[in-house]
Amino acid sequence: LQGLTAAGWFRLNGMWPARQGIALGFLGALVADVALLASDRSPSALLGTLGIWVLLSLALQLRSHADPDERMYGLTATVAAAALAIMASGYLAAGADAATAGGIGVAAAVVARALPLPTPASVVAALLVAAGAGALVGGKTGSG
């Protein structure tokens, strides 16, 4: 999930290939995983990793020789990809039932988003389906 998140964010933004940014985001996710497991699943480990990775993303973009607009676009995409991949480590901090409910909600949203609907209707349908699926599964496990 974390590797696909780091790579997928760049792909969604049309910045393919962005090897250094993808590697930085994925490495941040791995560090967050290790920090969570070493700190007995303390959520503060995610915040520390996130802060360090924002600084590393900034340093990566400062080395870029691109024009300023492109550099800012790259910085935004790099920070967002790293943040999303690192925050996906939160599934390690959550209980197994809550992670299952969240995962099923996301899967249902992906299926609903793929339906041939106009974009605004597709987004609303995906949100409603995700909330419904998460609540349904969470209600059965007691973590909804």
# chains A, B, ... in the order shown; residues from 1 in each chain; ligands from 1
call {"tool": "select_by_dssp", "arguments": {"residues": "chain A", "states": "alpha helix (DSSP H)", "output": "ChimeraX atom specification"}}
result
/A:2-12,19-38,44-62,68-87,90-93,96-113,119-141
call {"tool": "residues_around", "arguments": {"residues": "Ala93 of chain A", "least_positions_apart": "3", "cutoff": "9 Å", "atoms": "only C-alpha atoms", "output": "list in words"}}
result
Leu36, Leu37, Asp40, Arg41, Ser42, Pro43, Ser89 and Gly90 of chain A
call {"tool": "residues_around", "arguments": {"residues": "Val54 of chain A", "least_positions_apart": "6", "cutoff": "10 Å", "atoms": "only C-alpha atoms", "output": "list in words"}}
result
Gly25, Gly28, Leu60, Leu75, Thr78, Val79, Ala80, Ala82 and Ala83 of chain A
call {"tool": "write_last_selection", "arguments": {"atoms": "N, CA and C atoms", "output": "mmCIF file, in the first residue's frame"}}
result
data_model
loop_
_atom_site.group_PDB
_atom_site.id
_atom_site.type_symbol
_atom_site.label_atom_id
_atom_site.label_comp_id
_atom_site.auth_asym_id
_atom_site.auth_seq_id
_atom_site.Cartn_x
_atom_site.Cartn_y
_atom_site.Cartn_z
ATOM 1 N N GLY A 25 9.612 8.945 -0.810
ATOM 2 C CA GLY A 25 8.328 8.665 -0.177
ATOM 3 C C GLY A 25 8.260 7.253 0.381
ATOM 4 N N GLY A 28 10.455 6.929 3.427
ATOM 5 C CA GLY A 28 9.778 7.543 4.568
ATOM 6 C C GLY A 28 8.740 6.610 5.164
ATOM 7 N N LEU A 60 15.694 17.825 -1.398
ATOM 8 C CA LEU A 60 15.721 17.197 -2.721
ATOM 9 C C LEU A 60 15.346 18.192 -3.804
ATOM 10 N N LEU A 75 8.027 19.979 -5.616
ATOM 11 C CA LEU A 75 8.056 19.984 -4.149
ATOM 12 C C LEU A 75 6.704 19.597 -3.578
ATOM 13 N N THR A 78 6.152 15.866 -4.157
ATOM 14 C CA THR A 78 7.037 15.045 -3.330
ATOM 15 C C THR A 78 6.568 15.031 -1.881
ATOM 16 N N VAL A 79 6.230 16.188 -1.347
ATOM 17 C CA VAL A 79 5.764 16.256 0.045
ATOM 18 C C VAL A 79 4.440 15.513 0.202
ATOM 19 N N ALA A 80 3.533 15.682 -0.741
ATOM 20 C CA ALA A 80 2.240 15.010 -0.651
ATOM 21 C C ALA A 80 2.397 13.494 -0.759
ATOM 22 N N ALA A 82 5.063 11.676 -0.008
ATOM 23 C CA ALA A 82 5.703 11.187 1.218
ATOM 24 C C ALA A 82 4.721 11.213 2.383
ATOM 25 N N ALA A 83 3.941 12.289 2.498
ATOM 26 C CA ALA A 83 2.982 12.385 3.604
ATOM 27 C C ALA A 83 1.922 11.296 3.522
#
call {"tool": "residues_around", "arguments": {"residues": "Phe26 of chain A", "least_positions_apart": "2", "cutoff": "12 Å", "atoms": "only C-alpha atoms", "output": "ChimeraX atom specification"}}
result
/A:1-9,19-24,28-33,53,78-79,81-89
call {"tool": "residues_around", "arguments": {"residues": "Val137 of chain A", "least_positions_apart": "4", "cutoff": "8 Å", "atoms": "only C-alpha atoms", "output": "PyMOL selection string"}}
result
chain A and resi 100-101+104+133+141+144
call {"tool": "write_last_selection", "arguments": {"atoms": "all heavy atoms", "output": "mmCIF file, in the first residue's frame"}}
result
data_model
loop_
_atom_site.group_PDB
_atom_site.id
_atom_site.type_symbol
_atom_site.label_atom_id
_atom_site.label_comp_id
_atom_site.auth_asym_id
_atom_site.auth_seq_id
_atom_site.Cartn_x
_atom_site.Cartn_y
_atom_site.Cartn_z
ATOM 1 N N THR A 100 -9.217 -3.239 8.938
ATOM 2 C CA THR A 100 -10.025 -4.007 7.992
ATOM 3 C C THR A 100 -11.204 -3.180 7.488
ATOM 4 O O THR A 100 -11.479 -3.148 6.283
ATOM 5 C CB THR A 100 -10.532 -5.306 8.642
ATOM 6 O OG1 THR A 100 -9.414 -6.067 9.083
ATOM 7 C CG2 THR A 100 -11.362 -6.118 7.678
ATOM 8 N N ALA A 101 -11.892 -2.498 8.396
ATOM 9 C CA ALA A 101 -13.023 -1.658 8.000
ATOM 10 C C ALA A 101 -12.561 -0.542 7.070
ATOM 11 O O ALA A 101 -13.208 -0.248 6.061
ATOM 12 C CB ALA A 101 -13.713 -1.082 9.230
ATOM 13 N N ILE A 104 -11.630 -2.037 3.560
ATOM 14 C CA ILE A 104 -12.817 -2.395 2.778
ATOM 15 C C ILE A 104 -13.527 -1.136 2.288
ATOM 16 O O ILE A 104 -14.034 -1.089 1.162
ATOM 17 C CB ILE A 104 -13.745 -3.318 3.591
ATOM 18 C CG1 ILE A 104 -13.071 -4.688 3.709
ATOM 19 C CG2 ILE A 104 -15.122 -3.428 2.972
ATOM 20 C CD1 ILE A 104 -13.779 -5.687 4.552
ATOM 21 N N ALA A 133 -19.769 1.046 3.415
ATOM 22 C CA ALA A 133 -19.042 -0.226 3.553
ATOM 23 C C ALA A 133 -18.221 -0.244 4.839
ATOM 24 O O ALA A 133 -18.193 -1.255 5.557
ATOM 25 C CB ALA A 133 -18.137 -0.442 2.342
ATOM 26 N N THR A 141 -17.702 -5.690 13.434
ATOM 27 C CA THR A 141 -16.515 -5.979 14.246
ATOM 28 C C THR A 141 -16.457 -5.148 15.516
ATOM 29 O O THR A 141 -15.594 -5.359 16.350
ATOM 30 C CB THR A 141 -15.242 -5.705 13.423
ATOM 31 O OG1 THR A 141 -15.200 -4.319 13.077
ATOM 32 C CG2 THR A 141 -15.174 -6.564 12.186
ATOM 33 N N GLY A 144 -16.621 0.203 14.101
ATOM 34 C CA GLY A 144 -17.133 1.076 13.050
ATOM 35 C C GLY A 144 -17.148 2.514 13.457
ATOM 36 O O GLY A 144 -17.146 3.394 12.684
#
call {"tool": "residues_around", "arguments": {"residues": "segment 122-129 of chain A", "least_positions_apart": "2", "cutoff": "7 Å", "atoms": "only C-alpha atoms", "output": "list in words"}}
result
Ala108, Ala109, Ala112, Arg113, Leu117, Pro118, Thr119, Pro120, Ala131, Gly132 and Ala133 of chain A
call {"tool": "atom_distance", "arguments": {"atom1": "atom CA of Ala77 of chain A", "atom2": "atom CA of Phe10 of chain A"}}
result
6.6 Å
call {"tool": "closest_residue", "arguments": {"among": "A:Gly74, A:Ala114, A:Gly48, A:Arg63", "to": "Ala18 of chain A", "atoms": "only C-alpha atoms"}}
result
A:Gly74
call {"tool": "closest_residue", "arguments": {"among": "A:Leu46, A:Ala121, A:Leu12, A:Lys140", "to": "Leu92 of chain A", "atoms": "only C-alpha atoms"}}
result
A:Leu46
call {"tool": "closest_residue", "arguments": {"among": "A:Met72, A:Ala107, A:Gly138, A:His65", "to": "Gly95 of chain A", "atoms": "only C-alpha atoms"}}
result
A:Gly138
